[in-house]
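The structure file target.txt is reproduced below (compact mmCIF, C-alpha atoms).
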# COMPACT_ATOMS: atom_id res chain seq x y z
CA MET M 1 -28.07 51.46 -23.37
CA LYS M 2 -24.91 51.55 -25.43
CA ILE M 3 -25.85 48.28 -27.05
CA PHE M 4 -29.25 49.73 -27.91
CA GLN M 5 -27.75 52.77 -29.63
CA GLN M 6 -25.26 50.70 -31.54
CA SER M 7 -27.84 48.17 -32.62
CA PHE M 8 -30.12 50.94 -33.90
CA LYS M 9 -27.29 52.35 -35.95
CA PHE M 10 -26.55 48.88 -37.23
CA LEU M 11 -30.24 48.35 -38.01
CA ALA M 12 -30.43 51.58 -39.99
CA LEU M 13 -27.34 50.54 -41.94
CA VAL M 14 -28.79 47.11 -42.67
CA LEU M 15 -32.09 48.57 -43.86
CA PHE M 16 -30.22 51.04 -46.04
CA VAL M 17 -28.20 48.27 -47.66
CA VAL M 18 -30.90 45.65 -47.95
CA LEU M 19 -33.89 47.68 -49.16
CA PRO M 20 -32.63 48.53 -52.68
CA THR M 21 -31.29 45.03 -53.37
CA SER M 22 -34.54 43.28 -52.54
CA ILE M 23 -36.44 45.72 -54.76
CA PHE M 24 -34.02 44.95 -57.57
CA ALA M 25 -34.46 41.26 -56.89
CA ASN M 26 -38.16 41.55 -57.65
CA ASP M 27 -37.38 43.01 -61.07
CA THR M 28 -35.33 40.09 -62.42
CA LYS M 29 -37.16 38.33 -65.21
CA LYS M 30 -36.80 34.95 -66.78
CA GLU M 31 -35.39 34.77 -70.26
CA GLY M 32 -37.99 33.32 -72.57
CA GLY M 33 -38.26 29.55 -72.76
CA GLN M 34 -35.30 28.74 -70.53
CA VAL M 35 -35.69 26.85 -67.31
CA ASP M 36 -35.00 29.13 -64.36
CA THR M 37 -32.42 27.31 -62.23
CA LYS M 38 -33.32 29.34 -59.18
CA GLU M 39 -36.99 28.40 -59.41
CA GLU M 40 -36.17 24.76 -60.04
CA VAL M 41 -33.87 24.66 -57.00
CA GLU M 42 -36.56 26.29 -54.87
CA ALA M 43 -39.18 23.79 -56.01
CA TYR M 44 -36.80 20.90 -55.34
CA ILE M 45 -36.01 22.10 -51.80
CA LEU M 46 -39.68 22.64 -50.98
CA HIS M 47 -40.44 19.17 -52.30
CA HIS M 48 -37.75 17.69 -50.06
CA ILE M 49 -38.99 19.52 -46.96
CA GLN M 50 -42.50 18.14 -47.46
CA ASP M 51 -43.55 14.60 -46.72
CA SER M 52 -44.17 12.46 -49.79
CA HIS M 53 -46.08 9.31 -50.65
CA ASP M 54 -43.18 7.50 -52.27
CA PHE M 55 -39.57 6.98 -51.33
CA SER M 56 -37.52 8.51 -54.10
CA LEU M 57 -33.75 8.54 -53.82
CA PHE M 58 -32.97 10.59 -56.91
CA SER M 59 -34.31 11.30 -60.35
CA TYR M 60 -32.66 12.17 -63.65
CA THR M 61 -33.49 12.80 -67.29
CA ASN M 62 -31.99 10.22 -69.62
CA ASP M 63 -30.71 10.77 -73.15
CA ALA M 64 -34.13 10.11 -74.67
CA GLY M 65 -35.56 12.96 -72.61
CA GLU M 66 -37.53 10.73 -70.24
CA ARG M 67 -37.68 11.47 -66.54
CA LYS M 68 -36.41 8.47 -64.56
CA HIS M 69 -37.08 8.08 -60.85
CA VAL M 70 -35.00 5.84 -58.61
CA GLY M 71 -36.66 4.74 -55.40
CA PHE M 72 -39.49 2.51 -54.27
CA PRO M 73 -43.23 2.96 -53.79
CA LEU M 74 -44.93 2.97 -50.39
CA PRO M 75 -48.47 1.86 -49.57
CA VAL M 76 -51.26 4.42 -49.74
CA ILE M 77 -54.00 3.78 -47.18
CA LEU M 78 -57.10 5.95 -47.46
CA TRP M 79 -60.32 6.16 -45.49
CA THR M 80 -62.78 7.28 -48.14
CA SER M 81 -66.54 7.80 -48.31
CA GLU M 82 -66.84 4.06 -49.03
CA GLY M 83 -64.40 2.71 -46.47
CA LEU M 84 -60.81 1.63 -46.62
CA VAL M 85 -58.95 1.77 -49.94
CA THR M 86 -55.31 0.74 -50.37
CA PHE M 87 -52.96 0.77 -53.32
CA MET M 88 -49.27 1.39 -53.98
CA SER M 89 -48.08 4.93 -54.54
CA SER M 90 -46.40 3.85 -57.80
CA GLU M 91 -49.82 4.05 -59.46
CA PHE M 92 -49.54 7.83 -59.42
CA HIS M 93 -46.35 7.55 -61.56
CA HIS M 94 -44.62 10.33 -59.56
CA ASN M 95 -47.29 12.74 -60.70
CA ASP M 96 -48.05 15.54 -58.28
CA ASP M 97 -50.31 17.96 -60.15
CA GLY M 98 -53.46 15.85 -60.39
CA SER M 99 -53.20 14.86 -64.06
CA VAL M 100 -52.85 11.14 -63.31
CA ILE M 101 -56.08 9.67 -61.96
CA VAL M 102 -56.03 6.33 -60.15
CA GLU M 103 -59.19 4.25 -60.22
CA LYS M 104 -59.59 1.79 -57.38
CA ASP M 105 -62.74 0.08 -56.04
CA GLY M 106 -64.88 2.33 -58.24
CA LEU M 107 -63.41 5.50 -56.76
CA LYS M 108 -61.12 8.00 -58.43
CA PHE M 109 -58.11 9.55 -56.77
CA ALA M 110 -55.70 12.28 -57.78
CA LYS M 111 -52.59 13.55 -55.98
CA ILE M 112 -52.14 17.32 -55.89
CA HIS M 113 -49.16 18.77 -53.99
CA SER M 114 -48.74 15.58 -51.92
CA LYS M 115 -52.40 15.64 -50.86
CA ILE M 116 -54.69 12.90 -52.13
CA TYR M 117 -58.15 13.95 -53.31
CA GLU M 118 -61.16 11.73 -53.91
CA LEU M 119 -62.81 12.89 -57.13
CA ASP M 120 -66.52 12.88 -57.88
CA LYS M 121 -67.86 9.77 -59.64
CA ASP M 122 -68.38 11.44 -63.01
CA ALA M 123 -65.11 13.38 -63.04
CA SER M 124 -62.64 12.62 -65.81
CA GLU M 125 -60.06 15.24 -64.81
CA VAL M 126 -59.37 17.56 -61.92
CA LYS M 127 -60.86 21.03 -62.23
CA PHE M 128 -59.28 23.92 -60.35
CA ASP M 129 -60.67 27.25 -59.25
CA GLU M 130 -58.54 30.40 -59.45
CA ASP M 131 -56.83 29.68 -56.10
CA HIS M 132 -55.71 26.29 -57.47
CA HIS M 133 -58.03 24.31 -55.23
CA ALA M 134 -59.72 21.27 -56.72
CA THR M 135 -63.43 21.93 -57.22
CA ASN M 136 -64.70 18.47 -58.12
CA GLY M 137 -62.98 16.49 -55.40
CA HIS M 138 -62.44 16.47 -51.66
CA LYS M 139 -59.65 15.45 -49.33
CA VAL M 140 -59.78 12.02 -47.69
CA LEU M 141 -58.40 10.77 -44.39
CA ASP M 142 -54.91 9.70 -45.33
CA PHE M 143 -53.30 6.96 -43.22
CA SER M 144 -50.64 6.22 -45.81
CA ILE M 145 -47.22 4.94 -44.88
CA THR M 146 -45.51 8.07 -46.16
CA LYS M 147 -41.77 8.62 -46.31
CA SER M 148 -41.76 10.05 -42.77
CA ALA M 149 -43.93 7.27 -41.37
CA PHE M 150 -41.62 4.76 -43.05
CA GLY M 151 -38.63 6.51 -41.49
CA ILE M 152 -40.22 6.43 -38.04
CA LEU M 153 -40.95 2.70 -38.39
CA ILE M 154 -37.41 1.88 -39.55
CA ILE M 155 -35.75 3.97 -36.84
CA GLY M 156 -38.15 2.58 -34.24
CA LEU M 157 -37.22 -0.99 -35.15
CA LEU M 158 -33.54 -0.07 -35.16
CA MET M 159 -33.81 1.46 -31.68
CA LEU M 160 -35.75 -1.52 -30.41
CA PHE M 161 -32.97 -3.77 -31.69
CA TRP M 162 -30.14 -1.65 -30.22
CA PHE M 163 -31.65 -1.15 -26.80
CA SER M 164 -33.04 -4.61 -26.28
CA LYS M 165 -29.59 -5.94 -27.16
CA LEU M 166 -28.02 -3.50 -24.70
CA ALA M 167 -30.49 -4.53 -21.98
CA ARG M 168 -29.79 -8.24 -22.58
CA GLN M 169 -26.05 -7.68 -22.27
CA TYR M 170 -26.41 -6.41 -18.70
CA LYS M 171 -27.80 -9.79 -17.64
CA LYS M 172 -24.49 -11.50 -18.37
CA LYS M 173 -21.94 -8.88 -17.34
CA GLN M 174 -21.59 -5.29 -16.20
CA ILE M 175 -19.94 -3.86 -19.30
CA PRO M 176 -21.77 -3.83 -22.64
CA THR M 177 -19.99 -4.82 -25.84
CA GLY M 178 -20.12 -3.50 -29.38
CA PHE M 179 -22.47 -0.65 -30.19
CA GLY M 180 -23.82 -0.73 -26.64
CA ARG M 181 -20.65 1.01 -25.54
CA VAL M 182 -21.71 4.05 -27.55
CA LEU M 183 -25.24 4.00 -26.15
CA GLU M 184 -24.45 3.43 -22.49
CA PRO M 185 -22.79 6.80 -21.78
CA LEU M 186 -25.62 8.59 -23.58
CA VAL M 187 -28.24 6.76 -21.53
CA LEU M 188 -26.35 7.63 -18.35
CA TYR M 189 -25.96 11.22 -19.54
CA VAL M 190 -29.72 11.64 -20.07
CA ARG M 191 -30.43 10.06 -16.70
CA ASP M 192 -27.78 11.80 -14.60
CA GLU M 193 -27.44 15.19 -16.31
CA ILE M 194 -30.95 15.82 -17.63
CA ALA M 195 -33.53 13.84 -15.66
CA ARG M 196 -32.01 13.77 -12.17
CA PRO M 197 -31.10 17.46 -11.65
CA ASN M 198 -34.23 18.85 -13.32
CA ILE M 199 -36.92 16.54 -11.97
CA GLY M 200 -35.41 15.82 -8.58
CA GLU M 201 -34.11 12.77 -6.78
CA LYS M 202 -37.55 11.61 -5.66
CA HIS M 203 -39.48 11.49 -8.93
CA TYR M 204 -36.94 11.22 -11.74
CA ARG M 205 -37.18 7.44 -12.15
CA ARG M 206 -40.80 7.62 -13.35
CA PHE M 207 -39.94 9.95 -16.24
CA THR M 208 -36.51 8.69 -17.29
CA GLY M 209 -38.05 6.19 -19.72
CA TYR M 210 -39.96 8.85 -21.59
CA LEU M 211 -37.00 11.24 -21.66
CA LEU M 212 -34.66 8.53 -22.96
CA THR M 213 -37.13 7.52 -25.67
CA VAL M 214 -37.71 11.06 -26.83
CA PHE M 215 -34.00 11.88 -26.74
CA PHE M 216 -32.91 8.92 -28.86
CA PHE M 217 -35.92 9.20 -31.18
CA ILE M 218 -35.14 12.82 -32.03
CA TRP M 219 -31.39 12.33 -32.17
CA VAL M 220 -31.39 9.26 -34.43
CA LEU M 221 -34.03 10.76 -36.73
CA ASN M 222 -32.08 14.02 -36.95
CA LEU M 223 -28.99 12.05 -37.93
CA ALA M 224 -31.01 10.01 -40.44
CA GLY M 225 -32.09 13.32 -41.95
CA LEU M 226 -28.44 14.12 -42.72
CA THR M 227 -27.91 10.94 -44.74
CA PRO M 228 -28.59 11.01 -48.49
CA LEU M 229 -31.80 9.03 -47.90
CA GLY M 230 -33.48 12.38 -47.49
CA PHE M 231 -35.64 11.81 -44.44
CA ASN M 232 -37.02 15.00 -42.96
CA VAL M 233 -39.04 13.45 -40.15
CA THR M 234 -38.22 15.79 -37.26
CA GLY M 235 -38.78 18.67 -39.69
CA GLN M 236 -42.45 17.73 -40.06
CA LEU M 237 -44.84 19.82 -37.98
CA ALA M 238 -47.06 16.80 -37.35
CA VAL M 239 -44.21 14.81 -35.81
CA THR M 240 -42.88 17.59 -33.59
CA ALA M 241 -46.42 18.57 -32.56
CA CYS M 242 -47.06 14.99 -31.53
CA LEU M 243 -43.88 14.90 -29.43
CA ALA M 244 -44.78 18.23 -27.82
CA ILE M 245 -48.27 16.92 -27.00
CA PHE M 246 -46.72 13.87 -25.31
CA THR M 247 -44.71 16.18 -23.07
CA LEU M 248 -47.77 18.38 -22.45
CA VAL M 249 -49.90 15.41 -21.43
CA ILE M 250 -47.18 14.02 -19.17
CA TYR M 251 -46.50 17.20 -17.23
CA THR M 252 -50.16 18.16 -17.06
CA ALA M 253 -51.22 14.74 -15.83
CA SER M 254 -48.41 14.46 -13.26
CA GLY M 255 -48.77 18.00 -11.90
CA ASN M 256 -49.27 18.00 -8.12
CA LYS M 257 -51.41 20.26 -5.95
CA ASP M 258 -48.72 22.93 -5.63
CA TYR M 259 -48.29 23.13 -9.39
CA TRP M 260 -51.97 23.82 -10.03
CA MET M 261 -52.03 26.15 -7.04
CA HIS M 262 -49.22 28.20 -8.58
CA ILE M 263 -51.01 28.32 -11.91
CA LEU M 264 -54.56 29.07 -10.82
CA TRP M 265 -54.19 31.01 -7.56
CA MET M 266 -50.60 32.18 -7.17
CA PRO M 267 -49.74 32.51 -3.49
CA GLY M 268 -47.81 35.49 -2.24
CA VAL M 269 -49.11 38.14 -4.63
CA PRO M 270 -51.97 40.64 -4.11
CA VAL M 271 -55.39 39.06 -4.64
CA LEU M 272 -56.32 41.43 -7.47
CA ILE M 273 -53.36 40.28 -9.57
CA ARG M 274 -54.06 36.57 -9.07
CA PRO M 275 -56.71 36.18 -11.84
CA VAL M 276 -54.46 38.01 -14.31
CA LEU M 277 -51.56 35.75 -13.42
CA ALA M 278 -53.83 32.71 -13.70
CA VAL M 279 -54.66 33.58 -17.32
CA ILE M 280 -51.00 34.10 -18.18
CA GLU M 281 -49.88 30.94 -16.38
CA LEU M 282 -52.61 28.83 -17.97
CA ALA M 283 -51.69 30.08 -21.45
CA GLY M 284 -48.05 29.41 -20.65
CA ALA M 285 -48.59 25.90 -19.37
CA LEU M 286 -51.09 24.70 -21.96
CA LEU M 287 -50.12 26.61 -25.10
CA ILE M 288 -46.80 28.42 -25.06
CA LYS M 289 -44.62 25.67 -23.59
CA PRO M 290 -45.67 22.95 -26.08
CA PHE M 291 -45.76 25.48 -28.93
CA SER M 292 -42.18 26.57 -28.27
CA LEU M 293 -41.10 22.92 -28.09
CA LEU M 294 -42.70 21.99 -31.39
CA VAL M 295 -41.70 25.10 -33.33
CA ARG M 296 -38.09 25.00 -32.15
CA LEU M 297 -37.46 21.45 -33.31
CA PHE M 298 -39.41 21.85 -36.56
CA ALA M 299 -37.79 25.16 -37.50
CA ASN M 300 -34.24 24.14 -36.59
CA ILE M 301 -34.30 20.92 -38.57
CA SER M 302 -36.16 22.40 -41.55
CA ALA M 303 -33.84 25.40 -41.62
CA GLY M 304 -30.83 23.08 -41.47
CA HIS M 305 -32.11 21.04 -44.41
CA ILE M 306 -32.88 24.19 -46.43
CA VAL M 307 -29.40 25.61 -45.77
CA VAL M 308 -27.59 22.39 -46.70
CA MET M 309 -29.61 21.98 -49.89
CA SER M 310 -29.20 25.64 -50.87
CA LEU M 311 -25.45 25.34 -50.44
CA ILE M 312 -25.40 22.20 -52.55
CA ALA M 313 -27.46 24.07 -55.15
CA ILE M 314 -24.69 26.70 -55.39
CA MET M 315 -22.97 24.47 -57.93
CA PHE M 316 -25.89 25.06 -60.29
CA THR M 317 -26.83 28.62 -59.46
CA LEU M 318 -23.31 30.06 -59.56
CA LYS M 319 -22.04 27.91 -62.45
CA ASP M 320 -22.20 30.79 -64.90
CA SER M 321 -20.25 33.29 -62.82
CA LEU M 322 -17.69 31.01 -61.13
CA GLY M 323 -17.24 28.23 -63.67
CA VAL M 324 -17.94 24.56 -63.05
CA VAL M 325 -14.88 23.88 -60.88
CA GLY M 326 -15.18 27.08 -58.84
CA ALA M 327 -18.89 26.66 -58.12
CA THR M 328 -18.54 22.98 -57.24
CA GLY M 329 -15.55 23.66 -54.99
CA LEU M 330 -17.32 26.47 -53.16
CA SER M 331 -20.45 24.36 -52.81
CA PHE M 332 -18.47 21.40 -51.49
CA VAL M 333 -16.55 23.40 -48.89
CA LEU M 334 -19.60 25.30 -47.62
CA SER M 335 -21.95 22.32 -47.53
CA PHE M 336 -19.28 20.17 -45.87
CA PHE M 337 -18.86 22.57 -42.97
CA ILE M 338 -22.57 23.24 -42.62
CA THR M 339 -23.18 19.48 -42.52
CA LEU M 340 -20.65 19.19 -39.70
CA ILE M 341 -22.51 21.93 -37.82
CA GLU M 342 -25.78 20.08 -38.54
CA VAL M 343 -24.38 16.97 -36.83
CA LEU M 344 -23.89 19.13 -33.75
CA VAL M 345 -27.36 20.67 -34.15
CA ALA M 346 -28.89 17.21 -34.42
CA PHE M 347 -27.55 16.37 -30.96
CA LEU M 348 -28.24 19.82 -29.52
CA GLN M 349 -31.89 19.83 -30.56
CA ALA M 350 -32.46 16.36 -29.10
CA TYR M 351 -30.73 17.55 -25.91
CA ILE M 352 -32.76 20.77 -25.71
CA PHE M 353 -36.09 19.02 -26.31
CA THR M 354 -35.32 16.46 -23.61
CA MET M 355 -33.91 19.11 -21.28
CA LEU M 356 -36.96 21.37 -21.56
CA SER M 357 -39.33 18.41 -21.23
CA ALA M 358 -37.49 17.44 -18.05
CA LEU M 359 -37.64 21.04 -16.83
CA PHE M 360 -41.39 21.28 -17.43
CA ILE M 361 -42.01 17.93 -15.75
CA GLY M 362 -39.76 19.03 -12.90
CA MET M 363 -41.84 22.18 -12.42
CA ALA M 364 -45.01 20.09 -12.32
CA VAL M 365 -43.79 17.61 -9.69
CA ALA M 366 -41.68 19.97 -7.56
CA GLU M 367 -42.53 19.91 -3.89
CA HIS M 368 -42.57 23.24 -2.15
CA GLU M 369 -41.75 23.80 1.47
CA HIS M 370 -44.69 25.32 3.28
CA HIS M 371 -43.96 27.97 5.85
CA MET I 1 -41.47 42.63 -48.77
CA TYR I 2 -42.55 43.76 -45.30
CA ASN I 3 -42.42 40.24 -43.94
CA LEU I 4 -38.83 39.99 -45.20
CA ILE I 5 -37.93 43.14 -43.25
CA GLY I 6 -39.73 41.70 -40.25
CA ALA I 7 -37.82 38.45 -40.57
CA GLY I 8 -34.58 40.41 -40.71
CA LEU I 9 -35.52 42.36 -37.58
CA ILE I 10 -36.31 39.12 -35.76
CA VAL I 11 -32.96 37.64 -36.70
CA ILE I 12 -31.11 40.80 -35.65
CA GLY I 13 -32.91 40.81 -32.32
CA ALA I 14 -32.25 37.13 -31.72
CA GLY I 15 -28.61 37.65 -32.69
CA ILE I 16 -28.18 40.46 -30.17
CA GLY I 17 -29.85 38.30 -27.53
CA LEU I 18 -27.73 35.25 -28.24
CA GLY I 19 -24.60 37.39 -28.20
CA GLN I 20 -25.55 38.75 -24.81
CA ILE I 21 -26.22 35.29 -23.42
CA GLY I 22 -22.99 33.84 -24.80
CA GLY I 23 -20.88 36.80 -23.76
CA LYS I 24 -22.25 36.96 -20.24
CA ALA I 25 -21.85 33.20 -19.84
CA MET I 26 -18.21 33.50 -20.94
CA GLU I 27 -17.68 36.25 -18.40
CA GLY I 28 -19.31 34.15 -15.71
CA ILE I 29 -17.15 31.15 -16.56
CA ALA I 30 -14.00 33.28 -16.55
CA ARG I 31 -14.86 34.62 -13.11
CA GLN I 32 -15.86 31.28 -11.66
CA PRO I 33 -14.43 28.39 -13.63
CA GLU I 34 -15.72 25.84 -11.10
CA ALA I 35 -19.34 26.78 -11.99
CA THR I 36 -18.80 26.06 -15.71
CA GLY I 37 -21.25 23.16 -15.86
CA LYS I 38 -24.11 25.02 -14.22
CA ILE I 39 -23.55 28.15 -16.29
CA GLN I 40 -23.44 26.16 -19.53
CA THR I 41 -26.71 24.39 -18.76
CA ALA I 42 -28.47 27.64 -17.89
CA MET I 43 -27.00 29.29 -20.98
CA ILE I 44 -28.26 26.54 -23.28
CA ILE I 45 -31.75 26.64 -21.74
CA ILE I 46 -32.05 30.41 -22.12
CA ALA I 47 -30.60 30.28 -25.63
CA ALA I 48 -33.16 27.60 -26.49
CA LEU I 49 -36.02 29.69 -25.12
CA LEU I 50 -34.84 32.72 -27.09
CA GLU I 51 -34.43 30.63 -30.19
CA GLY I 52 -37.95 29.25 -29.74
CA LEU I 53 -39.29 32.79 -29.57
CA ALA I 54 -37.35 33.86 -32.65
CA PHE I 55 -38.42 30.83 -34.66
CA GLY I 56 -42.00 31.26 -33.49
CA ALA I 57 -41.98 34.84 -34.74
CA LEU I 58 -40.41 33.83 -38.05
CA PHE I 59 -42.89 31.00 -38.42
CA LEU I 60 -45.92 33.21 -37.71
CA GLY I 61 -44.63 36.03 -39.90
CA LYS I 62 -43.85 33.80 -42.88
Represent the supplied structure as structure tokens.
Amino acid sequence: MKIFQQSFKFLALVLFVVLPTSIFANDTKKEGGQVDTKEEVEAYILHHIQDSHDFSLFSYTNDAGERKHVGFPLPVILWTSEGLVTFMSSEFHHNDDGSVIVEKDGLKFAKIHSKIYELDKDASEVKFDEDHHATNGHKVLDFSITKSAFGILIIGLLMLFWFSKLARQYKKKQIPTGFGRVLEPLVLYVRDEIARPNIGEKHYRRFTGYLLTVFFFIWVLNLAGLTPLGFNVTGQLAVTACLAIFTLVIYTASGNKDYWMHILWMPGVPVLIRPVLAVIELAGALLIKPFSLLVRLFANISAGHIVVMSLIAIMFTLKDSLGVVGATGLSFVLSFFITLIEVLVAFLQAYIFTMLSALFIGMAVAEHEHH
Amino acid sequence: MYNLIGAGLIVIGAGIGLGQIGGKAMEGIARQPEATGKIQTAMIIIAALLEGLAFGALFLGK
């Protein structure tokens, strides 16, 4: 109760302090003609969070005023109204607002906000309605090797290399050498601390492979996201949703009779409550569990990337008030420590995803004693 | 505007919750140091569930 009272007081204080400032914040206006650093930073961060069709490392404006991009193009693979069309993403020339139109196999394509549209045959430019949706084109099925897909492929190959090497080493002797010595304790940790206690001695072997794969996949991709390459794979909803669906399918398919019994017709409670509980349990098992898995990973990694990039951007946004050295120093110190915390978060999120997957699978295969 | 206030409320609520979890876990560990491992695991699971809820709310309210 005491905590409640105190937190309400605290809440009132916070509202009192925050309300006026955010109203003031809405009033700030751009000075005519100048580029708003804040807006540019925001656009840059949003661009980084999204998936993109080409792999760009950095870009700069040279002395002649040209925008130079450093990176390499990735293949664009589209399933259009006339079948498969492929070309390299460099043909869009890093354009993202639809003003560059690529003609291929008699079809016209434009890229608007990282989405590729197929334009009508007679279109010469993209027309927008007032909500900024293209009116003379439609979206196509996009199977492109985007930056995230490229990251997944690279990390997948890397993991295949590491673990097949580790497996081969066990044929010759008991102790692995080289990088395998880093991987072995982690593998044992996932097996003995996550899979075995949560799933149970009898069934854990069946699921250890999946748990290990998902653990290392998330962990290595999280760490890759902290390198300057700028991957944000585990911060893509599509990727985390896919991982959550894997877990959902596995625990739903391996659920035993008791599991379904406890969901659909809970024993030990009054009969009238059983249908109500069945609705809640079904929603929990089929929607809420995978949803919490996918949102947690997505939001944690995206939030981490946004925080790191915002702290790096301090050197531009606070340059006027702190001076170049002050702003850069502050930005360096803050982003350095946040990056260290992100290294921890990268492991923790992989651990939590694996742990909860193991827990859900354990619930599905648990054997109850009948009295 | 309102969604910003809502986001703030979510974060405050999650903060109170996480504080409770962490504090109670510390207390538990201090009372029974031999149960540290079990308490830590349970603490992380509950913190993760709470965090999932908070992020879900933030995500839906965005």
Interatomic distance (Å, one decimal) between atom CA of M:Leu311 and atom CA of M:Ser331: 5.6 Å
Using all atoms listed in the file for the distances, tell me which of M:Ile116, M:Ile194, M:Leu322, M:Ala364 is nearest to chain I.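 Nearest candidate to chain I out of M:Ile116, M:Ile194, M:Leu322, M:Ala364: M:Ile194.
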Nearest to chain I among M:Pro275, M:Pro197, M:Gly98, M:Pro267, with distances taken over all atoms listed in the file: which residue is it?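 Counting all atoms listed in the file, the residue closest to chain I is M:Pro197.
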Please, which residues of chain M lie no more than 7 Å from chain I when the count uses all atoms listed in the file, and can they be set out as a PyMOL selection string? chain M and resi 292+295-296+299+352
Once you have the residues from the selection above, write them out as a PDB file, in the frame of the given file, restricted to C-alpha atoms.
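And here's part07.pdb as it stands now:
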ATOM      1  CA  SER M 292     -42.180  26.570 -28.270  1.00  0.00           C
ATOM      2  CA  VAL M 295     -41.700  25.100 -33.330  1.00  0.00           C
ATOM      3  CA  ARG M 296     -38.090  25.000 -32.150  1.00  0.00           C
ATOM      4  CA  ALA M 299     -37.790  25.160 -37.500  1.00  0.00           C
ATOM      5  CA  ILE M 352     -32.760  20.770 -25.710  1.00  0.00           C
TER       6      ILE M 352
END
If we count all atoms listed in the file, what is near M:Leu211 at a cut-off of 12 Å, once residues fewer than 3 positions away on the same chain are taken out, given as a PyMOL selection string? chain M and resi 186-196+198-199+204-208+214-219+243+246-247+250+350-361
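The gap separating atom CA of M:Leu119 from atom CA of M:His138 is 6.5 Å, in Å to one decimal.
Atom pair atom CA of M:Phe143 / atom CA of M:Ala346 has a distance of 27.9 Å (rounded to one decimal).
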